[in-house]
Amino acid sequence: VALFAVAVRAQTVQVDGNKVVEVLTRLANLSDHENPAVTRILFTPNDMLARNFVKDLMREHHMTIREDAMGNIFGRWEGSDASAGSVLTGSHCDAIPLAGMYDGTLGVIGAIEAVAALQRAGFKPSRPIEVLFFTSEEPTRFGLSCSGSRAMAGALTAEALESKLDSQGRHFLQVANEVGYGAASTSDMLAATRLKEGQVDYFVELHIEQGPLLEREGLDIGVVTAIAAPAALEVTFHGDGGHAGGQLMPDRNDAGLAGAELALAVERHVLASGSVDTVGTTGTFEIAPGAINSVPRDARLAIDIRDIDGPRRDRVVAAVLASAKEIAERRKVRYTSRVINQDPPASSHEDIVSAVAASAEALGLSTKRMVSRAYHDSLFMARVAPMGMIFIPCKNGWSHRPDEFSKPQDIANGVSVLALTMARLSGG
Ligand code: HGY
Ligand code: MN
Ligand code: MN
Ligand code: MN
């Protein structure tokens, strides 16, 4: 902390949590589902409306706007040392189906409010401060999480991105080109998105905890020290199907039952990992043709496996893939399996961890150092800049559901800590 002269005193940073909630509520209305549910999928009409909403807000707070080829939106508050790398903060506004109004959006709207609070306090940044709207953090449309931050970190190949298709069978570039982003090729688009050396000096993200610890322990701020390692798999099973009446049991190779066995095998392998930090979810499980009197011919499972320990997570992934093979052979069904992503965990940088902790203390707020079990764009930003995250409590730890909720005072606390942290990191 001695490294950072506190260029703005805690008392001068004033944030009205109710005002932030009012803006978040307006943003939440840009949704494919009625309030309180929020559904906002990459490059859909509501996502495009949300992009305009955020750009207007950035302009209101004297930021210059740059959008890259994948649709990442940067709002820049120029600093006195324009040659320095920026202090970058941000998060995402895309929302999985029937989600809540705080996941991601708090780190975009709250970041703009943090800049506004510093401006009101008369702070003058040395390093430029930038707010980033990541183009898409959720895997919903193309099955790939954190597409924008992976590309910024140079962790995404054209081949990998083009292999991810949406429900209309199109890939990222094709849809990006339709909405005014994109490039002549996926390679060009990725090259244009990759951050340049020295472009970013620090990255810090404000986010709801998406877990129950802060609320349960009555603490104000989570100082994130690491982000768990996520992996996503897709397994399909294919049988011959048949008539539910005429096909006797010995003649069946029911793909649905193979899928059911695999979903239970995921739970079994995760529970056998030896640690409560290993989690596994079969989040989507589709069978076809999907008629009561037709023996399932096809099953498709999307499986999410995570752990704060990468190798332990990898052992569970291998066991699940081995089970898929064993089940298919025993049940005489054909199968495919694909690892969508299998990312290592990331550690926060000590400079940011201590800046966040010192900022919270300056505000008289209680803190807890903790691991993020959810992934975030920060997981990939950690590969290109010192990274840190700030958590605020959320009700019962609920997230990815319409009743996701954080109190206005907790929101004000998080935004104020972000503001002071950015002031410390920016110098000035
Ligand atoms: O799934 C996650 O961890 C993130 O909220 N998308
Ligand atoms: Mn999410
Ligand atoms: Mn999120
Ligand atoms: Mn019939």
# chains A, B, ... in the order shown; residues from 1 in each chain; ligands from 1
$ closest_atom_pairs --of "chain A" --to "ligand 4" --cutoff "10 Å" --atoms "only C-alpha atoms and all ligand atoms" --output "JSON lines"
{"residue": "A:His243", "atom": "CA", "partner": "ligand 4", "partner_atom_place_in_ligand_line": "1 (Mn)", "distance": 8.5}
{"residue": "A:Ala244", "atom": "CA", "partner": "ligand 4", "partner_atom_place_in_ligand_line": "1 (Mn)", "distance": 10.0}
{"residue": "A:Gly245", "atom": "CA", "partner": "ligand 4", "partner_atom_place_in_ligand_line": "1 (Mn)", "distance": 9.5}
{"residue": "A:Asn293", "atom": "CA", "partner": "ligand 4", "partner_atom_place_in_ligand_line": "1 (Mn)", "distance": 8.5}
{"residue": "A:Ser294", "atom": "CA", "partner": "ligand 4", "partner_atom_place_in_ligand_line": "1 (Mn)", "distance": 9.9}
$ residues_around --residues "range 97-114 of chain A" --least-positions-apart "3" --cutoff "7 Å" --atoms "only C-alpha atoms" --output "JSON list (two decimals) with all heavy atoms, in the first residue's frame"
[["chain", "number", "residue", "atom", "x", "y", "z"],
["A", 20, "VAL", "N", -27.33, 3.86, -8.29],
["A", 20, "VAL", "CA", -26.76, 2.76, -9.09],
["A", 20, "VAL", "C", -27.85, 1.72, -9.36],
["A", 20, "VAL", "O", -28.00, 1.24, -10.49],
["A", 20, "VAL", "CB", -25.55, 2.12, -8.37],
["A", 20, "VAL", "CG1", -24.99, 0.97, -9.20],
["A", 20, "VAL", "CG2", -24.47, 3.17, -8.11],
["A", 24, "LEU", "N", -29.19, 0.25, -12.87],
["A", 24, "LEU", "CA", -29.20, -1.21, -13.11],
["A", 24, "LEU", "C", -30.60, -1.69, -13.47],
["A", 24, "LEU", "O", -30.78, -2.59, -14.30],
["A", 24, "LEU", "CB", -28.70, -1.95, -11.86],
["A", 24, "LEU", "CG", -27.20, -1.87, -11.56],
["A", 24, "LEU", "CD1", -26.90, -2.45, -10.18],
["A", 24, "LEU", "CD2", -26.38, -2.59, -12.63],
["A", 28, "ALA", "N", -31.83, -3.57, -16.73],
["A", 28, "ALA", "CA", -32.47, -4.89, -16.60],
["A", 28, "ALA", "C", -33.72, -5.00, -17.47],
["A", 28, "ALA", "O", -34.14, -6.08, -17.86],
["A", 28, "ALA", "CB", -32.82, -5.16, -15.14],
["A", 33, "HIS", "N", -36.84, -11.54, -21.32],
["A", 33, "HIS", "CA", -37.88, -12.03, -20.40],
["A", 33, "HIS", "C", -38.33, -10.88, -19.50],
["A", 33, "HIS", "O", -37.57, -9.95, -19.25],
["A", 33, "HIS", "CB", -37.36, -13.19, -19.53],
["A", 33, "HIS", "CG", -37.26, -14.48, -20.27],
["A", 33, "HIS", "ND1", -36.05, -15.03, -20.65],
["A", 33, "HIS", "CD2", -38.21, -15.32, -20.74],
["A", 33, "HIS", "CE1", -36.27, -16.17, -21.30],
["A", 33, "HIS", "NE2", -37.58, -16.37, -21.37],
["A", 36, "PRO", "N", -38.72, -9.94, -12.89],
["A", 36, "PRO", "CA", -37.33, -9.62, -12.56],
["A", 36, "PRO", "C", -36.31, -10.48, -13.33],
["A", 36, "PRO", "O", -35.13, -10.32, -13.16],
["A", 36, "PRO", "CB", -37.24, -9.94, -11.07],
["A", 36, "PRO", "CG", -38.19, -11.07, -10.89],
["A", 36, "PRO", "CD", -39.33, -10.82, -11.84],
["A", 37, "ALA", "N", -36.78, -11.39, -14.20],
["A", 37, "ALA", "CA", -35.82, -12.22, -14.95],
["A", 37, "ALA", "C", -35.09, -11.35, -15.97],
["A", 37, "ALA", "O", -35.69, -10.45, -16.58],
["A", 37, "ALA", "CB", -36.54, -13.35, -15.65],
["A", 38, "VAL", "N", -33.80, -11.63, -16.17],
["A", 38, "VAL", "CA", -33.03, -10.94, -17.20],
["A", 38, "VAL", "C", -32.42, -11.99, -18.11],
["A", 38, "VAL", "O", -31.77, -12.93, -17.63],
["A", 38, "VAL", "CB", -31.90, -10.07, -16.59],
["A", 38, "VAL", "CG1", -31.11, -9.39, -17.72],
["A", 38, "VAL", "CG2", -32.48, -9.02, -15.65],
["A", 39, "THR", "N", -32.70, -11.86, -19.40],
["A", 39, "THR", "CA", -32.08, -12.72, -20.43],
["A", 39, "THR", "C", -31.53, -11.78, -21.48],
["A", 39, "THR", "O", -32.30, -10.98, -22.05],
["A", 39, "THR", "CB", -33.12, -13.67, -21.05],
["A", 39, "THR", "OG1", -33.67, -14.50, -20.04],
["A", 39, "THR", "CG2", -32.48, -14.53, -22.14],
["A", 58, "MET", "N", -21.36, 6.23, -20.63],
["A", 58, "MET", "CA", -19.91, 6.54, -20.67],
["A", 58, "MET", "C", -19.71, 7.97, -21.18],
["A", 58, "MET", "O", -18.94, 8.75, -20.62],
["A", 58, "MET", "CB", -19.19, 5.55, -21.59],
["A", 58, "MET", "CG", -19.06, 4.16, -21.02],
["A", 58, "MET", "SD", -18.32, 3.04, -22.27],
["A", 58, "MET", "CE", -17.91, 1.62, -21.21],
["A", 89, "THR", "N", -10.94, -1.38, -15.76],
["A", 89, "THR", "CA", -11.94, -2.07, -14.95],
["A", 89, "THR", "C", -13.12, -2.39, -15.84],
["A", 89, "THR", "O", -13.27, -1.78, -16.91],
["A", 89, "THR", "CB", -12.40, -1.20, -13.77],
["A", 89, "THR", "OG1", -13.34, -1.94, -12.97],
["A", 89, "THR", "CG2", -13.11, 0.07, -14.25],
["A", 90, "GLY", "N", -13.92, -3.36, -15.45],
["A", 90, "GLY", "CA", -15.09, -3.67, -16.27],
["A", 90, "GLY", "C", -15.61, -5.06, -15.99],
["A", 90, "GLY", "O", -15.07, -5.79, -15.14],
["A", 91, "SER", "N", -16.66, -5.40, -16.70],
["A", 91, "SER", "CA", -17.29, -6.71, -16.57],
["A", 91, "SER", "C", -18.24, -6.90, -17.75],
["A", 91, "SER", "O", -18.02, -6.29, -18.80],
["A", 91, "SER", "CB", -18.04, -6.77, -15.21],
["A", 91, "SER", "OG", -18.40, -8.09, -14.89],
["A", 92, "HIS", "N", -19.27, -7.69, -17.59],
["A", 92, "HIS", "CA", -20.11, -8.03, -18.75],
["A", 92, "HIS", "C", -21.57, -7.65, -18.52],
["A", 92, "HIS", "O", -22.01, -7.54, -17.38],
["A", 92, "HIS", "CB", -20.01, -9.55, -19.01],
["A", 92, "HIS", "CG", -20.54, -10.38, -17.88],
["A", 92, "HIS", "ND1", -21.80, -10.94, -17.85],
["A", 92, "HIS", "CD2", -19.95, -10.77, -16.71],
["A", 92, "HIS", "CE1", -21.97, -11.63, -16.73],
["A", 92, "HIS", "NE2", -20.86, -11.54, -16.02],
["A", 93, "CYS", "N", -22.30, -7.46, -19.60],
["A", 93, "CYS", "CA", -23.74, -7.18, -19.50],
["A", 93, "CYS", "C", -24.58, -8.28, -20.14],
["A", 93, "CYS", "O", -25.81, -8.19, -20.11],
["A", 93, "CYS", "CB", -24.06, -5.83, -20.15],
["A", 93, "CYS", "SG", -23.47, -4.43, -19.17],
["A", 117, "ALA", "N", -17.75, 9.27, -9.39],
["A", 117, "ALA", "CA", -17.46, 9.66, -8.00],
["A", 117, "ALA", "C", -16.07, 10.29, -7.90],
["A", 117, "ALA", "O", -15.87, 11.30, -7.20],
["A", 117, "ALA", "CB", -17.55, 8.45, -7.07],
["A", 118, "LEU", "N", -15.10, 9.74, -8.64],
["A", 118, "LEU", "CA", -13.74, 10.31, -8.63],
["A", 118, "LEU", "C", -13.76, 11.69, -9.30],
["A", 118, "LEU", "O", -13.11, 12.63, -8.83],
["A", 118, "LEU", "CB", -12.78, 9.38, -9.35],
["A", 118, "LEU", "CG", -12.43, 8.08, -8.62],
["A", 118, "LEU", "CD1", -11.56, 7.17, -9.51],
["A", 118, "LEU", "CD2", -11.71, 8.36, -7.30],
["A", 131, "VAL", "N", -13.12, 2.01, -18.54],
["A", 131, "VAL", "CA", -14.20, 1.08, -18.17],
["A", 131, "VAL", "C", -14.48, 0.20, -19.40],
["A", 131, "VAL", "O", -14.62, 0.71, -20.52],
["A", 131, "VAL", "CB", -15.49, 1.83, -17.77],
["A", 131, "VAL", "CG1", -16.62, 0.83, -17.49],
["A", 131, "VAL", "CG2", -15.23, 2.70, -16.53],
["A", 132, "LEU", "N", -14.56, -1.11, -19.17],
["A", 132, "LEU", "CA", -14.70, -2.05, -20.28],
["A", 132, "LEU", "C", -16.00, -2.84, -20.14],
["A", 132, "LEU", "O", -16.29, -3.39, -19.07],
["A", 132, "LEU", "CB", -13.50, -3.00, -20.27],
["A", 132, "LEU", "CG", -13.38, -4.13, -21.26],
["A", 132, "LEU", "CD1", -13.73, -3.73, -22.67],
["A", 132, "LEU", "CD2", -11.99, -4.72, -21.20],
["A", 133, "PHE", "N", -16.75, -2.84, -21.23],
["A", 133, "PHE", "CA", -17.94, -3.69, -21.38],
["A", 133, "PHE", "C", -17.45, -4.87, -22.21],
["A", 133, "PHE", "O", -17.24, -4.72, -23.43],
["A", 133, "PHE", "CB", -19.01, -2.88, -22.11],
["A", 133, "PHE", "CG", -20.25, -3.58, -22.59],
["A", 133, "PHE", "CD1", -21.49, -3.11, -22.21],
["A", 133, "PHE", "CD2", -20.22, -4.68, -23.45],
["A", 133, "PHE", "CE1", -22.67, -3.72, -22.68],
["A", 133, "PHE", "CE2", -21.37, -5.28, -23.91],
["A", 133, "PHE", "CZ", -22.59, -4.79, -23.54],
["A", 205, "GLU", "N", -11.91, -5.91, -11.30],
["A", 205, "GLU", "CA", -13.33, -6.12, -11.63],
["A", 205, "GLU", "C", -14.17, -6.15, -10.35],
["A", 205, "GLU", "O", -13.81, -6.85, -9.39],
["A", 205, "GLU", "CB", -13.49, -7.45, -12.39],
["A", 205, "GLU", "CG", -14.93, -7.80, -12.77],
["A", 205, "GLU", "CD", -15.04, -9.01, -13.69],
["A", 205, "GLU", "OE1", -14.01, -9.64, -13.99],
["A", 205, "GLU", "OE2", -16.17, -9.32, -14.12],
["A", 206, "LEU", "N", -15.26, -5.41, -10.37],
["A", 206, "LEU", "CA", -16.24, -5.42, -9.28],
["A", 206, "LEU", "C", -17.35, -6.40, -9.65],
["A", 206, "LEU", "O", -17.87, -6.35, -10.77],
["A", 206, "LEU", "CB", -16.81, -4.01, -9.09],
["A", 206, "LEU", "CG", -18.01, -3.83, -8.14],
["A", 206, "LEU", "CD1", -17.63, -4.21, -6.71],
["A", 206, "LEU", "CD2", -18.53, -2.38, -8.20],
["A", 207, "HIS", "N", -17.73, -7.28, -8.74],
["A", 207, "HIS", "CA", -18.72, -8.31, -9.05],
["A", 207, "HIS", "C", -19.43, -8.75, -7.78],
["A", 207, "HIS", "O", -18.90, -8.67, -6.69],
["A", 207, "HIS", "CB", -18.02, -9.52, -9.69],
["A", 207, "HIS", "CG", -18.88, -10.34, -10.60],
["A", 207, "HIS", "ND1", -19.86, -11.17, -10.16],
["A", 207, "HIS", "CD2", -18.92, -10.42, -11.96],
["A", 207, "HIS", "CE1", -20.45, -11.75, -11.19],
["A", 207, "HIS", "NE2", -19.90, -11.31, -12.30],
["A", 208, "ILE", "N", -20.68, -9.22, -7.91],
["A", 208, "ILE", "CA", -21.35, -9.83, -6.73],
["A", 208, "ILE", "C", -20.65, -11.17, -6.47],
["A", 208, "ILE", "O", -20.11, -11.78, -7.38],
["A", 208, "ILE", "CB", -22.86, -10.04, -6.98],
["A", 208, "ILE", "CG1", -23.12, -10.90, -8.23],
["A", 208, "ILE", "CG2", -23.58, -8.70, -7.07],
["A", 208, "ILE", "CD1", -24.57, -11.31, -8.40],
["A", 399, "SER", "N", -27.38, -16.47, -7.50],
["A", 399, "SER", "CA", -27.04, -15.81, -8.76],
["A", 399, "SER", "C", -27.48, -16.73, -9.91],
["A", 399, "SER", "O", -27.81, -17.89, -9.70],
["A", 399, "SER", "CB", -25.54, -15.55, -8.84],
["A", 399, "SER", "OG", -25.21, -14.87, -10.05],
["A", 400, "HIS", "N", -27.53, -16.15, -11.13],
["A", 400, "HIS", "CA", -28.05, -16.89, -12.29],
["A", 400, "HIS", "C", -29.49, -17.32, -12.03],
["A", 400, "HIS", "O", -29.93, -18.39, -12.43],
["A", 400, "HIS", "CB", -27.18, -18.13, -12.59],
["A", 400, "HIS", "CG", -25.90, -17.76, -13.26],
["A", 400, "HIS", "ND1", -25.02, -18.71, -13.75],
["A", 400, "HIS", "CD2", -25.33, -16.57, -13.53],
["A", 400, "HIS", "CE1", -23.97, -18.10, -14.30],
["A", 400, "HIS", "NE2", -24.13, -16.79, -14.17],
["A", 401, "ARG", "N", -30.23, -16.42, -11.34],
["A", 401, "ARG", "CA", -31.67, -16.62, -11.09],
["A", 401, "ARG", "C", -32.31, -15.25, -10.88],
["A", 401, "ARG", "O", -31.64, -14.31, -10.40],
["A", 401, "ARG", "CB", -31.92, -17.53, -9.89],
["A", 401, "ARG", "CG", -31.01, -17.37, -8.71],
["A", 401, "ARG", "CD", -31.17, -18.47, -7.68],
["A", 401, "ARG", "NE", -32.37, -18.27, -6.85],
["A", 401, "ARG", "CZ", -32.68, -19.08, -5.83],
["A", 401, "ARG", "NH1", -31.93, -20.11, -5.53],
["A", 401, "ARG", "NH2", -33.75, -18.86, -5.11],
["A", 402, "PRO", "N", -33.60, -15.10, -11.23],
["A", 402, "PRO", "CA", -34.23, -13.76, -11.22],
["A", 402, "PRO", "C", -34.20, -13.07, -9.86],
["A", 402, "PRO", "O", -34.20, -11.85, -9.79],
["A", 402, "PRO", "CB", -35.67, -14.06, -11.67],
["A", 402, "PRO", "CG", -35.57, -15.34, -12.44],
["A", 402, "PRO", "CD", -34.49, -16.14, -11.77],
["A", 403, "ASP", "N", -34.17, -13.83, -8.76],
["A", 403, "ASP", "CA", -34.21, -13.19, -7.44],
["A", 403, "ASP", "C", -32.80, -12.89, -6.91],
["A", 403, "ASP", "O", -32.61, -12.64, -5.72],
["A", 403, "ASP", "CB", -35.00, -14.05, -6.44],
["A", 403, "ASP", "CG", -34.51, -15.49, -6.44],
["A", 403, "ASP", "OD1", -33.54, -15.79, -7.15],
["A", 403, "ASP", "OD2", -35.10, -16.33, -5.72],
["A", 404, "GLU", "N", -31.83, -12.86, -7.80],
["A", 404, "GLU", "CA", -30.47, -12.38, -7.44],
["A", 404, "GLU", "C", -30.62, -10.97, -6.87],
["A", 404, "GLU", "O", -31.37, -10.16, -7.42],
["A", 404, "GLU", "CB", -29.65, -12.34, -8.72],
["A", 404, "GLU", "CG", -28.22, -11.93, -8.66],
["A", 404, "GLU", "CD", -27.62, -11.95, -10.07],
["A", 404, "GLU", "OE1", -27.09, -13.00, -10.47],
["A", 404, "GLU", "OE2", -27.71, -10.91, -10.76],
["A", 415, "VAL", "N", -18.66, 0.04, -5.04],
["A", 415, "VAL", "CA", -18.29, 1.09, -6.00],
["A", 415, "VAL", "C", -17.25, 2.03, -5.39],
["A", 415, "VAL", "O", -16.28, 2.42, -6.04],
["A", 415, "VAL", "CB", -19.56, 1.87, -6.46],
["A", 415, "VAL", "CG1", -19.17, 3.10, -7.29],
["A", 415, "VAL", "CG2", -20.49, 0.96, -7.25],
["A", 416, "SER", "N", -17.43, 2.35, -4.11],
["A", 416, "SER", "CA", -16.46, 3.24, -3.44],
["A", 416, "SER", "C", -15.09, 2.58, -3.33],
["A", 416, "SER", "O", -14.06, 3.23, -3.57],
["A", 416, "SER", "CB", -16.96, 3.61, -2.03],
["A", 416, "SER", "OG", -18.23, 4.22, -2.12],
["A", 418, "LEU", "N", -13.93, 0.31, -5.33],
["A", 418, "LEU", "CA", -13.39, 0.32, -6.70],
["A", 418, "LEU", "C", -12.81, 1.69, -7.03],
["A", 418, "LEU", "O", -11.70, 1.81, -7.56],
["A", 418, "LEU", "CB", -14.47, -0.06, -7.71],
["A", 418, "LEU", "CG", -14.05, -0.01, -9.19],
["A", 418, "LEU", "CD1", -12.92, -1.01, -9.48],
["A", 418, "LEU", "CD2", -15.25, -0.27, -10.10],
["A", 419, "ALA", "N", -13.54, 2.75, -6.66],
["A", 419, "ALA", "CA", -13.07, 4.11, -6.97],
["A", 419, "ALA", "C", -11.73, 4.38, -6.30],
["A", 419, "ALA", "O", -10.76, 4.82, -6.95],
["A", 419, "ALA", "CB", -14.11, 5.13, -6.52]]
$ residues_around --residues "Gly428 in chain A" --least-positions-apart "4" --cutoff "8 Å" --atoms "only C-alpha atoms" --output "PyMOL selection string"
chain A and resi 7+80+123-127+423
$ closest_atom_pairs --of "chain A" --to "ligand 1" --cutoff "6 Å" --atoms "only C-alpha atoms and all ligand atoms" --output "CSV"
residue,atom,partner,partner_atom_place_in_ligand_line,distance
A:Glu138,CA,ligand 1,6 (N),4.9
A:Ala374,CA,ligand 1,3 (O),3.4
A:Tyr375,CA,ligand 1,3 (O),4.0
A:His376,CA,ligand 1,4 (C),5.9
$ write_last_selection --atoms "N, CA and C atoms" --output "PDB file, in the first residue's frame"
ATOM      1  N   GLU A 138     -20.706 -14.792 -20.882  1.00  0.00           N
ATOM      2  CA  GLU A 138     -21.467 -16.042 -20.706  1.00  0.00           C
ATOM      3  C   GLU A 138     -21.305 -16.928 -21.935  1.00  0.00           C
ATOM      4  N   ALA A 374     -16.887 -18.761  -9.101  1.00  0.00           N
ATOM      5  CA  ALA A 374     -17.388 -18.439 -10.439  1.00  0.00           C
ATOM      6  C   ALA A 374     -16.198 -17.949 -11.258  1.00  0.00           C
ATOM      7  N   TYR A 375     -16.291 -18.149 -12.580  1.00  0.00           N
ATOM      8  CA  TYR A 375     -15.233 -17.545 -13.402  1.00  0.00           C
ATOM      9  C   TYR A 375     -15.703 -16.166 -13.866  1.00  0.00           C
ATOM     10  N   HIS A 376     -14.747 -15.401 -14.359  1.00  0.00           N
ATOM     11  CA  HIS A 376     -15.029 -14.023 -14.823  1.00  0.00           C
ATOM     12  C   HIS A 376     -14.026 -13.693 -15.924  1.00  0.00           C
TER      13      HIS A 376
END
$ closest_atom_pairs --of "range 139-256 of chain A" --to "range 346-349 of chain A" --cutoff "6 Å" --atoms "only C-alpha atoms" --output "CSV"
residue,atom,partner,partner_atom,distance
A:Thr225,CA,A:Ser348,CA,4.9
A:Ala226,CA,A:Ser347,CA,4.2
A:Ile227,CA,A:Ala346,CA,5.3
$ residues_around --residues "Val320 in chain A" --least-positions-apart "2" --cutoff "8 Å" --atoms "only C-alpha atoms" --output "ChimeraX atom specification"
/A:262,265-266,269,316-318,322-324
$ residues_around --residues "Gly241 in chain A" --least-positions-apart "3" --cutoff "6 Å" --atoms "only C-alpha atoms" --output "list in words"
Val295, Pro296 and Arg297 of chain A
$ closest_residue --among "A:Leu233, A:Ala121, A:Met152, A:Ile129" --to "Ser86 in chain A" --atoms "only C-alpha atoms"
A:Ile129
$ select_by_dssp --residues "range 50-248 of chain A" --states "strand (DSSP E)" --output "PyMOL selection string"
chain A and resi 64-67+73-77+86-92+95-99+129-134+200-208+221-227+229-238+242-243
